[in-house]
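Structure below is target.txt: compact mmCIF, C-alpha atoms.
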```txt
# COMPACT_ATOMS: atom_id res chain seq x y z
CA MET Z 167 -69.59 -52.52 -113.35
CA PHE Z 168 -72.39 -52.40 -115.90
CA LEU Z 169 -74.92 -51.03 -113.41
CA ARG Z 170 -72.48 -48.41 -112.13
CA LEU Z 171 -71.78 -47.17 -115.66
CA TYR Z 172 -75.48 -47.34 -116.46
CA PHE Z 173 -76.50 -45.10 -113.55
CA TYR Z 174 -73.64 -42.65 -114.16
CA ARG Z 175 -74.73 -42.30 -117.75
CA LEU Z 176 -78.36 -41.94 -116.65
CA LYS Z 177 -77.46 -39.00 -114.39
CA ASP Z 178 -75.44 -37.38 -117.17
CA ILE Z 179 -78.37 -37.51 -119.60
CA LEU Z 180 -80.90 -36.20 -117.09
CA PHE Z 181 -78.71 -33.19 -116.33
CA THR Z 182 -78.19 -32.35 -120.02
CA LYS Z 183 -80.45 -29.31 -120.58
CA GLU Z 184 -80.85 -29.72 -124.34
CA ILE Z 185 -82.14 -33.29 -124.00
CA ALA Z 186 -84.47 -32.38 -121.15
CA ILE Z 187 -85.98 -29.43 -123.03
CA TRP Z 188 -86.37 -30.98 -126.48
CA ASN Z 189 -87.14 -34.58 -125.59
CA ILE Z 190 -89.31 -34.12 -122.50
CA PHE Z 191 -90.81 -30.64 -122.24
CA PHE Z 192 -91.17 -29.62 -125.90
CA PRO Z 193 -93.47 -32.54 -126.91
CA ILE Z 194 -95.69 -31.90 -123.88
CA ILE Z 195 -95.94 -28.18 -124.69
CA LEU Z 196 -96.68 -28.92 -128.36
CA GLY Z 197 -99.28 -31.53 -127.37
CA THR Z 198 -100.97 -28.92 -125.18
CA PHE Z 199 -101.17 -26.47 -128.07
CA PHE Z 200 -102.61 -29.20 -130.30
CA TYR Z 201 -105.24 -29.96 -127.67
CA LEU Z 202 -106.17 -26.29 -127.23
CA GLY Z 203 -106.36 -25.84 -131.00
CA PHE Z 204 -108.29 -28.99 -131.87
CA SER Z 205 -110.36 -29.75 -128.76
CA ASN Z 206 -113.44 -28.00 -130.15
CA LEU Z 207 -113.06 -29.74 -133.52
CA MET Z 208 -112.29 -33.29 -132.38
CA ASN Z 209 -115.01 -35.92 -132.14
CA GLU Z 210 -117.12 -33.78 -134.45
CA SER Z 211 -118.92 -36.95 -135.52
CA ASP Z 212 -120.81 -36.73 -132.21
CA LEU Z 213 -122.30 -33.39 -133.25
CA LYS Z 214 -125.68 -33.29 -134.97
CA LEU Z 215 -126.72 -30.76 -137.61
CA SER Z 216 -129.57 -28.58 -136.38
CA PRO Z 217 -132.62 -28.25 -138.66
CA ILE Z 218 -132.20 -25.41 -141.12
CA PRO Z 219 -134.77 -22.61 -140.58
CA ALA Z 220 -136.58 -21.96 -143.87
CA ALA Z 221 -139.63 -20.08 -145.06
CA VAL Z 222 -141.89 -21.88 -147.56
CA VAL Z 223 -143.95 -19.99 -150.12
CA THR Z 224 -146.47 -21.75 -152.41
CA GLU Z 225 -146.56 -20.33 -155.94
CA SER Z 226 -148.34 -23.26 -157.56
CA GLU Z 227 -149.38 -26.78 -156.68
CA ASN Z 228 -146.65 -29.44 -156.77
CA THR Z 229 -147.89 -32.40 -154.77
CA ALA Z 230 -144.76 -34.53 -155.18
CA PHE Z 231 -142.39 -31.79 -154.03
CA SER Z 232 -144.72 -30.82 -151.15
CA GLU Z 233 -144.69 -34.40 -149.86
CA VAL Z 234 -140.89 -34.61 -150.03
CA LEU Z 235 -140.50 -31.26 -148.26
CA THR Z 236 -143.02 -32.25 -145.56
CA SER Z 237 -141.12 -35.47 -144.85
CA LEU Z 238 -137.90 -33.49 -144.37
CA CYS Z 239 -139.60 -31.15 -141.91
CA GLU Z 240 -140.90 -33.89 -139.62
CA GLU Z 241 -139.27 -33.94 -136.19
CA GLY Z 242 -136.70 -36.68 -135.64
CA ASP Z 243 -133.07 -37.57 -136.27
CA ASP Z 244 -133.49 -37.05 -140.04
CA GLN Z 245 -135.16 -33.64 -139.84
CA LEU Z 246 -133.47 -31.31 -142.33
CA PHE Z 247 -135.65 -28.20 -142.33
CA ASP Z 248 -137.55 -26.23 -139.71
CA ALA Z 249 -140.08 -24.75 -142.11
CA VAL Z 250 -142.57 -21.90 -141.74
CA TYR Z 251 -145.30 -21.73 -144.42
CA THR Z 252 -146.11 -18.11 -145.14
CA ASP Z 253 -146.66 -15.50 -147.88
CA LEU Z 254 -143.89 -13.95 -149.96
CA GLU Z 255 -143.72 -10.56 -148.19
CA THR Z 256 -143.50 -12.12 -144.73
CA ALA Z 257 -140.88 -14.59 -145.98
CA LYS Z 258 -138.72 -11.76 -147.38
CA THR Z 259 -138.94 -9.91 -144.07
CA MET Z 260 -137.87 -13.04 -142.18
CA LEU Z 261 -134.97 -13.54 -144.61
CA ASN Z 262 -133.78 -9.93 -144.23
CA ASP Z 263 -133.96 -10.25 -140.43
CA ASN Z 264 -131.94 -13.52 -140.58
CA ASP Z 265 -134.81 -15.43 -138.99
CA VAL Z 266 -134.58 -17.99 -141.81
CA THR Z 267 -131.68 -19.18 -143.95
CA GLY Z 268 -133.61 -19.09 -147.21
CA ILE Z 269 -137.00 -19.17 -148.90
CA ILE Z 270 -138.17 -22.35 -150.61
CA PHE Z 271 -140.74 -21.85 -153.38
CA ILE Z 272 -143.21 -24.65 -154.12
CA ALA Z 273 -143.80 -24.43 -157.85
CA ASP Z 274 -143.78 -26.51 -161.01
CA THR Z 275 -140.02 -26.04 -160.85
CA PRO Z 276 -139.02 -25.53 -157.18
CA HIS Z 277 -136.49 -22.78 -156.53
CA LEU Z 278 -134.81 -20.81 -153.75
CA MET Z 279 -134.16 -17.29 -152.56
CA LEU Z 280 -131.03 -16.77 -150.47
CA SER Z 281 -129.33 -13.70 -149.07
CA ASP Z 282 -125.98 -15.13 -148.01
CA ASN Z 283 -123.48 -17.94 -148.61
CA GLY Z 284 -122.68 -20.71 -146.15
CA ILE Z 285 -123.01 -24.38 -145.32
CA GLU Z 286 -126.76 -24.24 -144.69
CA GLN Z 287 -127.37 -22.32 -147.93
CA THR Z 288 -125.30 -24.89 -149.83
CA ILE Z 289 -127.36 -27.74 -148.33
CA MET Z 290 -130.58 -26.05 -149.44
CA GLN Z 291 -129.25 -25.53 -152.95
CA SER Z 292 -128.12 -29.15 -153.15
CA PHE Z 293 -131.55 -30.36 -152.04
CA ILE Z 294 -133.40 -28.30 -154.67
CA GLN Z 295 -130.92 -29.22 -157.39
CA GLN Z 296 -131.09 -32.93 -156.60
CA TYR Z 297 -134.89 -32.90 -156.57
CA CYS Z 298 -135.10 -31.05 -159.91
CA ASN Z 299 -132.58 -33.40 -161.53
CA GLN Z 300 -134.48 -36.49 -160.39
CA ALA Z 301 -137.82 -34.98 -161.46
CA ASP Z 302 -136.44 -34.31 -164.96
CA VAL Z 303 -135.14 -37.88 -165.20
CA LEU Z 304 -138.53 -39.32 -164.22
CA LYS Z 305 -140.37 -37.09 -166.72
CA GLU Z 306 -138.11 -38.21 -169.52
CA ILE Z 307 -138.51 -41.90 -168.60
CA ALA Z 308 -142.29 -41.48 -168.39
CA MET Z 309 -142.33 -40.06 -171.89
CA LYS Z 310 -139.95 -42.53 -173.58
CA HIS Z 311 -140.18 -45.72 -171.47
CA PRO Z 312 -143.31 -45.61 -169.28
CA GLU Z 313 -143.01 -49.32 -168.52
CA LYS Z 314 -139.76 -48.64 -166.64
CA LEU Z 315 -141.11 -45.73 -164.58
CA SER Z 316 -141.83 -47.83 -161.50
CA GLN Z 317 -138.33 -49.32 -161.54
CA ALA Z 318 -136.78 -45.87 -161.95
CA ILE Z 319 -138.75 -44.49 -158.99
CA ASP Z 320 -137.57 -47.37 -156.79
CA THR Z 321 -133.95 -46.80 -157.87
CA LEU Z 322 -134.01 -43.06 -157.24
CA SER Z 323 -135.79 -43.52 -153.90
CA SER Z 324 -133.29 -46.05 -152.54
CA ASP Z 325 -130.08 -45.18 -150.70
CA VAL Z 326 -127.08 -46.01 -152.87
CA THR Z 327 -123.82 -46.91 -151.10
CA TYR Z 328 -120.62 -46.60 -153.09
CA GLY Z 329 -118.28 -48.74 -151.01
CA HIS Z 330 -118.23 -51.64 -148.61
CA GLU Z 331 -118.46 -51.99 -144.87
CA ILE Z 332 -115.29 -52.51 -142.85
CA SER Z 333 -114.85 -53.37 -139.21
CA LEU Z 334 -113.29 -50.72 -136.97
CA ALA Z 335 -111.47 -51.45 -133.76
CA ASN Z 336 -114.20 -49.97 -131.54
CA ALA Z 337 -113.13 -46.48 -132.54
CA SER Z 338 -114.47 -43.47 -134.41
CA TYR Z 339 -112.45 -41.72 -137.08
CA ASP Z 340 -111.11 -38.32 -136.11
CA PRO Z 341 -108.85 -36.57 -138.66
CA TYR Z 342 -107.21 -34.43 -135.98
CA MET Z 343 -105.78 -37.50 -134.23
CA GLN Z 344 -103.18 -37.62 -137.02
CA TYR Z 345 -101.42 -34.66 -135.41
CA PHE Z 346 -101.13 -36.49 -132.07
CA TYR Z 347 -99.86 -39.63 -133.83
CA ALA Z 348 -97.22 -37.50 -135.55
CA LEU Z 349 -96.36 -35.88 -132.21
CA ILE Z 350 -95.63 -39.32 -130.72
CA ALA Z 351 -93.50 -40.15 -133.75
CA MET Z 352 -91.56 -36.88 -133.41
CA THR Z 353 -90.84 -37.60 -129.74
CA CYS Z 354 -89.52 -41.03 -130.66
CA LEU Z 355 -87.33 -39.53 -133.40
CA PHE Z 356 -85.77 -37.04 -130.99
CA SER Z 357 -83.85 -40.06 -129.74
CA ALA Z 358 -81.57 -39.56 -132.74
CA SER Z 359 -80.07 -36.45 -131.10
CA ALA Z 360 -79.57 -38.38 -127.86
CA GLY Z 361 -77.88 -41.15 -129.84
CA VAL Z 362 -75.44 -38.64 -131.33
CA HIS Z 363 -74.64 -37.29 -127.86
CA CYS Z 364 -74.24 -40.83 -126.54
CA LEU Z 365 -71.73 -41.77 -129.23
CA ALA Z 366 -69.79 -38.52 -128.83
CA ASN Z 367 -69.04 -39.52 -125.23
CA MET Z 368 -67.60 -42.82 -126.48
CA GLN Z 369 -65.22 -41.44 -129.12
CA ALA Z 370 -61.87 -39.98 -128.26
CA ASN Z 371 -61.93 -37.61 -131.24
CA GLN Z 372 -65.25 -36.08 -130.16
CA SER Z 373 -64.84 -35.24 -126.48
CA SER Z 374 -62.40 -35.26 -123.58
CA LEU Z 375 -64.69 -37.76 -121.85
CA GLY Z 376 -64.28 -40.04 -124.85
CA MET Z 377 -60.49 -39.81 -124.46
CA ARG Z 378 -60.63 -40.83 -120.81
CA ARG Z 379 -62.97 -43.71 -121.55
CA GLU Z 380 -60.71 -45.03 -124.29
CA VAL Z 381 -57.88 -45.53 -121.80
CA ALA Z 382 -60.09 -46.59 -118.87
CA PRO Z 383 -59.69 -50.20 -117.65
CA VAL Z 384 -63.24 -51.09 -118.67
CA HIS Z 385 -64.24 -53.48 -121.42
CA LYS Z 386 -65.36 -51.33 -124.36
CA LEU Z 387 -68.44 -53.45 -125.11
CA THR Z 388 -69.64 -53.07 -121.51
CA ALA Z 389 -69.25 -49.29 -121.71
CA ILE Z 390 -71.08 -49.09 -125.04
CA ILE Z 391 -74.00 -51.26 -123.93
CA SER Z 392 -74.40 -49.37 -120.64
CA ASP Z 393 -74.44 -46.01 -122.47
CA ILE Z 394 -76.96 -47.14 -125.05
CA SER Z 395 -79.16 -48.74 -122.40
CA ALA Z 396 -79.22 -45.60 -120.27
CA THR Z 397 -79.92 -43.36 -123.26
CA PHE Z 398 -82.73 -45.63 -124.43
CA THR Z 399 -84.24 -45.69 -120.93
CA VAL Z 400 -84.48 -41.91 -120.74
CA GLN Z 401 -85.86 -41.59 -124.27
CA PHE Z 402 -88.48 -44.28 -123.84
CA LEU Z 403 -89.55 -42.82 -120.49
CA SER Z 404 -90.02 -39.43 -122.19
CA VAL Z 405 -92.37 -41.08 -124.70
CA LEU Z 406 -94.25 -42.83 -121.87
CA LEU Z 407 -94.54 -39.50 -120.04
CA LEU Z 408 -96.03 -37.93 -123.17
CA PHE Z 409 -98.52 -40.80 -123.48
CA PHE Z 410 -99.48 -40.36 -119.83
CA TYR Z 411 -100.00 -36.63 -120.31
CA LEU Z 412 -102.08 -37.02 -123.48
CA ILE Z 413 -104.22 -39.93 -122.29
CA VAL Z 414 -104.67 -39.25 -118.56
CA ILE Z 415 -104.39 -35.45 -118.31
CA LEU Z 416 -105.82 -34.34 -121.66
CA GLY Z 417 -108.10 -37.34 -122.22
CA ILE Z 418 -106.97 -38.13 -125.79
CA ASP Z 419 -108.31 -41.52 -126.93
CA PHE Z 420 -105.62 -43.73 -128.49
CA GLY Z 421 -107.80 -46.85 -128.46
CA GLN Z 422 -107.79 -49.99 -126.33
CA ARG Z 423 -104.62 -51.76 -127.53
CA ILE Z 424 -102.29 -50.04 -125.10
CA LEU Z 425 -99.60 -52.75 -125.02
CA LEU Z 426 -99.23 -52.75 -128.80
CA ILE Z 427 -99.16 -48.94 -128.78
CA LEU Z 428 -96.30 -49.06 -126.27
CA LEU Z 429 -94.53 -51.65 -128.45
CA THR Z 430 -94.76 -49.19 -131.35
CA ALA Z 431 -93.23 -46.48 -129.17
CA PHE Z 432 -90.52 -48.92 -128.05
CA LEU Z 433 -89.53 -49.75 -131.64
CA GLY Z 434 -89.80 -46.10 -132.70
CA THR Z 435 -87.44 -45.05 -129.92
CA LEU Z 436 -85.06 -47.90 -130.69
CA ILE Z 437 -84.76 -47.17 -134.42
CA SER Z 438 -84.28 -43.45 -133.73
CA LEU Z 439 -81.50 -44.18 -131.24
CA MET Z 440 -79.84 -46.47 -133.79
CA THR Z 441 -80.16 -43.71 -136.38
CA GLY Z 442 -78.37 -41.31 -134.03
CA LEU Z 443 -75.56 -43.82 -133.53
CA PHE Z 444 -75.36 -44.30 -137.29
CA ILE Z 445 -75.10 -40.53 -137.88
CA GLY Z 446 -72.41 -40.22 -135.20
CA ALA Z 447 -70.41 -43.10 -136.66
CA LEU Z 448 -70.77 -42.01 -140.30
CA VAL Z 449 -70.32 -38.25 -140.11
CA LYS Z 450 -66.72 -37.42 -139.21
CA LYS Z 451 -67.48 -33.96 -137.85
CA ASN Z 452 -67.88 -32.48 -134.38
CA GLU Z 453 -70.90 -33.21 -132.21
CA ALA Z 454 -72.65 -29.91 -133.08
CA VAL Z 455 -72.73 -30.79 -136.78
CA GLN Z 456 -73.90 -34.34 -136.06
CA ALA Z 457 -76.64 -33.04 -133.73
CA SER Z 458 -77.82 -30.61 -136.42
CA ILE Z 459 -78.08 -33.43 -138.94
CA ALA Z 460 -80.03 -35.52 -136.42
CA LEU Z 461 -82.42 -32.62 -135.76
CA VAL Z 462 -83.01 -32.04 -139.48
CA TYR Z 463 -83.63 -35.78 -139.88
CA SER Z 464 -86.14 -35.83 -137.00
CA MET Z 465 -88.09 -32.78 -138.10
CA GLY Z 466 -87.98 -33.74 -141.79
CA CYS Z 467 -89.41 -37.20 -141.11
CA SER Z 468 -92.00 -35.68 -138.77
CA PHE Z 469 -93.09 -33.19 -141.43
CA LEU Z 470 -93.53 -35.97 -143.99
CA SER Z 471 -95.62 -37.94 -141.48
CA GLY Z 472 -98.16 -35.12 -141.14
CA LEU Z 473 -97.02 -33.19 -138.06
CA MET Z 474 -97.35 -29.78 -139.74
CA VAL Z 475 -99.69 -30.61 -142.66
CA GLU Z 476 -102.11 -33.49 -142.06
CA ALA Z 477 -102.66 -34.22 -145.78
CA ILE Z 478 -98.96 -34.55 -146.69
CA LYS Z 479 -98.71 -38.21 -145.67
CA ASP Z 480 -101.72 -39.19 -147.76
CA TRP Z 481 -100.36 -37.22 -150.73
CA ILE Z 482 -97.05 -39.07 -150.49
CA GLU Z 483 -98.92 -42.39 -150.25
CA HIS Z 484 -100.54 -41.70 -153.62
CA THR Z 485 -97.49 -40.22 -155.37
CA CYS Z 486 -94.42 -41.96 -153.93
CA PRO Z 487 -95.47 -44.60 -151.34
CA ILE Z 488 -91.91 -45.92 -150.91
CA ILE Z 489 -91.17 -42.80 -148.82
CA ASN Z 490 -93.82 -43.80 -146.29
CA ARG Z 491 -92.34 -47.32 -146.14
CA ILE Z 492 -88.86 -46.10 -145.12
CA ASN Z 493 -89.84 -43.05 -143.07
CA PRO Z 494 -89.85 -44.15 -139.40
CA ALA Z 495 -92.22 -41.34 -138.41
CA ALA Z 496 -94.73 -42.37 -141.10
CA LEU Z 497 -94.47 -46.02 -139.99
CA ILE Z 498 -95.11 -45.05 -136.35
CA THR Z 499 -98.12 -42.85 -137.15
CA ASP Z 500 -99.55 -45.48 -139.50
CA SER Z 501 -99.14 -48.16 -136.83
CA LEU Z 502 -100.99 -46.06 -134.25
CA TYR Z 503 -103.72 -45.32 -136.80
CA ALA Z 504 -104.07 -49.01 -137.73
CA LEU Z 505 -104.32 -50.05 -134.09
CA ASN Z 506 -107.04 -47.50 -133.42
CA MET Z 507 -109.09 -48.07 -136.57
CA PHE Z 508 -108.84 -51.67 -137.79
CA GLU Z 509 -109.61 -55.04 -136.26
CA SER Z 510 -107.02 -56.71 -138.48
CA TYR Z 511 -103.36 -56.60 -137.45
CA ASP Z 512 -101.97 -56.99 -140.99
CA ARG Z 513 -101.10 -53.35 -141.50
CA TYR Z 514 -99.67 -52.99 -138.00
CA ILE Z 515 -97.53 -56.12 -138.34
CA ARG Z 516 -96.12 -54.94 -141.66
CA ASN Z 517 -95.08 -51.58 -140.18
CA THR Z 518 -93.63 -53.23 -137.07
CA ILE Z 519 -91.50 -55.64 -139.10
CA ILE Z 520 -90.13 -52.78 -141.21
CA LEU Z 521 -89.22 -50.78 -138.09
CA ALA Z 522 -87.50 -53.78 -136.48
CA VAL Z 523 -85.53 -54.66 -139.63
CA MET Z 524 -84.39 -51.06 -140.12
CA ALA Z 525 -83.26 -50.87 -136.48
CA VAL Z 526 -81.20 -54.06 -136.84
CA ILE Z 527 -79.62 -52.87 -140.10
CA LEU Z 528 -78.65 -49.48 -138.62
CA CYS Z 529 -77.24 -51.19 -135.53
CA LEU Z 530 -75.06 -53.52 -137.62
CA ILE Z 531 -73.78 -50.72 -139.87
CA SER Z 532 -72.96 -48.54 -136.85
CA TYR Z 533 -71.08 -51.43 -135.25
CA LEU Z 534 -69.03 -52.02 -138.41
CA LEU Z 535 -68.18 -48.33 -138.67
CA LEU Z 536 -67.19 -48.05 -135.00
CA ARG Z 537 -65.02 -51.17 -134.87
CA ARG Z 538 -62.80 -49.71 -137.61
CA THR Z 539 -62.12 -46.56 -135.61
CA LYS Z 540 -58.47 -46.26 -134.61
CA TYR Z 541 -56.54 -43.43 -133.02
CA ALA Z 542 -52.89 -42.57 -133.75
CA SER Z 543 -52.56 -41.06 -130.31
CA LEU Z 544 -54.67 -39.93 -127.32
```

Show me this structure written as structure tokens.
Amino acid sequence: MFLRLYFYRLKDILFTKEIAIWNIFFPIILGTFFYLGFSNLMNESDLKLSPIPAAVVTESENTAFSEVLTSLCEEGDDQLFDAVYTDLETAKTMLNDNDVTGIIFIADTPHLMLSDNGIEQTIMQSFIQQYCNQADVLKEIAMKHPEKLSQAIDTLSSDVTYGHEISLANASYDPYMQYFYALIAMTCLFSASAGVHCLANMQANQSSLGMRREVAPVHKLTAIISDISATFTVQFLSVLLLFFYLIVILGIDFGQRILLILLTAFLGTLISLMTGLFIGALVKKNEAVQASIALVYSMGCSFLSGLMVEAIKDWIEHTCPIINRINPAALITDSLYALNMFESYDRYIRNTIILAVMAVILCLISYLLLRRTKYASL
């Protein structure tokens, strides 16, 4: 009996247009738009900055600055400038013709001539400013504390790291992956609408099908479990289909821990389905109202997880972190991020436990609300 009810319910869900459009096709379409929008920006860490074309004009001798500039013009991975040493008139002509980004003047106080604003111009300004600042510091130390000049030169010449090294899970950080994590979370949360529809078909006050099932000679628990199982199957398969499309078709890299990623999707789908059942049991309105509440819940949680604005989740983490701890979409995206970025499982385990506990709590509350439902007549 269970299998018969299960397959009947499965067919009913698959032929429901709203579920097919929103839960299966919409995430794939949105994922495609994300890919088309971000494909040229993703994995930007693999791109290398080309040497900045610059003209160099010598106004006066400055041996120290000339040596620094020469070292930055040497070919190699660290080359910053592609310099042409010339006279002032030729340099101005090259600048006006956009053959160079700017003119660097070798003088007692090095300075620049630029004709436009941009990233390359900003880099040149930063270089000159940093050199002048360090030169002023060394001059002042030489005048007041000449015995510490050697130590100061070593300090300013060394690379200073403000942080500590962490181990990544064989992955490179890509800020645009946050949108795909949030897309997975949104697909999981769409199960809430399916949960509402599932419960409406069980309740006599919500649908004619619910009336017939109330008087059918079938154990109520068997009917409920078969409905929930079928609904969960379709929803989880829609998430797996999205993963297949993103990973295999579009080539999005979600890392190597595929089984744990699927476990995250499993729990995300489960808690969303339980949320839909909870909404259906709590809200004593028709199915359309319940479905609207479920949709607002899904999209609201997705927004707070960074689906529309990538920085919103980080802002919430610094202002009101409790929201990220109870928002299923934020927990799902953070779990996927932790799996892709960190060797340690601590963060992932914490999120997984919260998702599992919330799913159990919602299931128990829904059960208590449903068992109290009585009908005066059918």

Once you count all atoms listed in the file, which residues end up no further than 10 Å from (-95.1, -36.6, -121.2) in the file's frame, shown as a PyMOL selection string? chain Z and resi 189-195+197+350+353+403-413+415

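The gap separating CA of Ser392 (chain Z) from CA of Ile459 (chain Z) is 24.5 Å, in Å to one decimal.
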
Hey, can you check how far CA of Gln245 (chain Z) sits from CA of Leu280 (chain Z)? 20.4 Å

Kindly give the distance, in Å, that separates CA of Phe398 (chain Z) and CA of Leu429 (chain Z), rounded to a single decimal.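 Computed distance, CA of Phe398 (chain Z) to CA of Leu429 (chain Z), equals 13.8 Å.
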
Closest of Z:Ala504, Z:Ala348, Z:Met279, Z:Leu497 to Ile519 (chain Z) - atom-to-atom distances counting only C-alpha atoms: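 The shortest atom-to-atom distance to Ile519 (chain Z) comes from Z:Leu497.
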
If we count all atoms listed in the file and set the cut-off at 12 Å, which residues sit around Pro494 (chain Z), ignoring sequence neighbours fewer than 3 positions away in its own chain? Please answer as a PyMOL selection string. chain Z and resi 348+350-356+358+430-431+433-441+463-471+488-491+497-501+517-525

If we count only C-alpha atoms and set the cut-off at 9 Å, which residues sit around Ile179 (chain Z), ignoring sequence neighbours fewer than 2 positions away in its own chain? Please answer as a count of residues only. 14

Nearby residues (only C-alpha atoms) at most 8 Å from region 255-261 of chain Z, same-chain spacing under 4 positions excluded, as a PDB file with C-alpha atoms, in the frame of the given file:
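As written to disk, result.pdb reads:
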```pdb
ATOM      1  CA  ALA Z 221    -139.630 -20.080-145.060  1.00  0.00           C
ATOM      2  CA  VAL Z 222    -141.890 -21.880-147.560  1.00  0.00           C
ATOM      3  CA  VAL Z 223    -143.950 -19.990-150.120  1.00  0.00           C
ATOM      4  CA  ASP Z 265    -134.810 -15.430-138.990  1.00  0.00           C
ATOM      5  CA  VAL Z 266    -134.580 -17.990-141.810  1.00  0.00           C
ATOM      6  CA  THR Z 267    -131.680 -19.180-143.950  1.00  0.00           C
ATOM      7  CA  GLY Z 268    -133.610 -19.090-147.210  1.00  0.00           C
ATOM      8  CA  ILE Z 269    -137.000 -19.170-148.900  1.00  0.00           C
ATOM      9  CA  LEU Z 280    -131.030 -16.770-150.470  1.00  0.00           C
ATOM     10  CA  SER Z 281    -129.330 -13.700-149.070  1.00  0.00           C
TER      11      SER Z 281
END
```

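Closest approach to Gly361 (chain Z) from the set Z:Cys486, Z:Leu180, Z:Ala457, Z:Ala496 is made by Z:Ala457, with distances taken over all atoms listed in the file.
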
Set out as CSV a contact list for region 198-286 of chain Z and region 290-300 of chain Z with a cut-off of 12 Å, giving each residue of region 198-286 of chain Z that qualifies its closest atom pair and distance in Å to one decimal, counting only C-alpha atoms, ordered by chain and rising residue number.
```
residue,atom,partner,partner_atom,distance
Z:Pro217,CA,Z:Met290,CA,11.2
Z:Ile218,CA,Z:Met290,CA,8.5
Z:Pro219,CA,Z:Met290,CA,10.4
Z:Ala220,CA,Z:Met290,CA,9.2
Z:Ala221,CA,Z:Met290,CA,11.7
Z:Ala230,CA,Z:Tyr297,CA,10.1
Z:Phe231,CA,Z:Tyr297,CA,8.0
Z:Ser232,CA,Z:Tyr297,CA,11.4
Z:Glu233,CA,Z:Tyr297,CA,12.0
Z:Val234,CA,Z:Tyr297,CA,9.0
Z:Leu235,CA,Z:Phe293,CA,9.8
Z:Leu238,CA,Z:Phe293,CA,10.4
Z:Leu246,CA,Z:Met290,CA,9.3
Z:Phe247,CA,Z:Met290,CA,9.0
Z:Asp248,CA,Z:Met290,CA,12.0
Z:Val266,CA,Z:Met290,CA,11.8
Z:Thr267,CA,Z:Met290,CA,8.9
Z:Gly268,CA,Z:Met290,CA,7.9
Z:Ile269,CA,Z:Met290,CA,9.4
Z:Ile270,CA,Z:Met290,CA,8.5
Z:Phe271,CA,Z:Ile294,CA,9.9
Z:Ile272,CA,Z:Ile294,CA,10.5
Z:Ala273,CA,Z:Cys298,CA,11.1
Z:Asp274,CA,Z:Cys298,CA,9.9
Z:Thr275,CA,Z:Cys298,CA,7.1
Z:Pro276,CA,Z:Ile294,CA,6.7
Z:His277,CA,Z:Ile294,CA,6.6
Z:Leu278,CA,Z:Gln291,CA,7.3
Z:Met279,CA,Z:Gln291,CA,9.6
Z:Leu280,CA,Z:Gln291,CA,9.3
Z:Asp282,CA,Z:Met290,CA,11.9
Z:Asn283,CA,Z:Gln291,CA,10.5
Z:Gly284,CA,Z:Met290,CA,10.1
Z:Ile285,CA,Z:Met290,CA,8.8
Z:Glu286,CA,Z:Met290,CA,6.4
```

Counting only C-alpha atoms, what is within 10 Å of Phe204 (chain Z), bar same-chain residues fewer than 6 positions away, as a PyMOL selection string? chain Z and resi 198+342-343+345

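Taking only C-alpha atoms into account, Leu473 (chain Z) lies nearest to Z:Ala495 out of the set Z:Ala454, Z:Leu171, Z:Leu461, Z:Ala495.
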
For Leu365 (chain Z), which residue out of Z:Ile418, Z:Ala308, Z:Leu428, Z:Leu536 is the nearest one, using all atoms listed in the file?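 Of Z:Ile418, Z:Ala308, Z:Leu428, Z:Leu536, the one nearest Leu365 (chain Z), counting all atoms listed in the file, is Z:Leu536.
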
Region 497-511 of chain Z: axis-aligned bounding box, 3 Å on each side, centre and edge lengths in Å, one decimal, as lines of an AutoDock Vina configuration file:
```
center_x = -102.0
center_y = -49.8
center_z = -136.7
size_x = 21.1
size_y = 19.9
size_z = 12.6
```
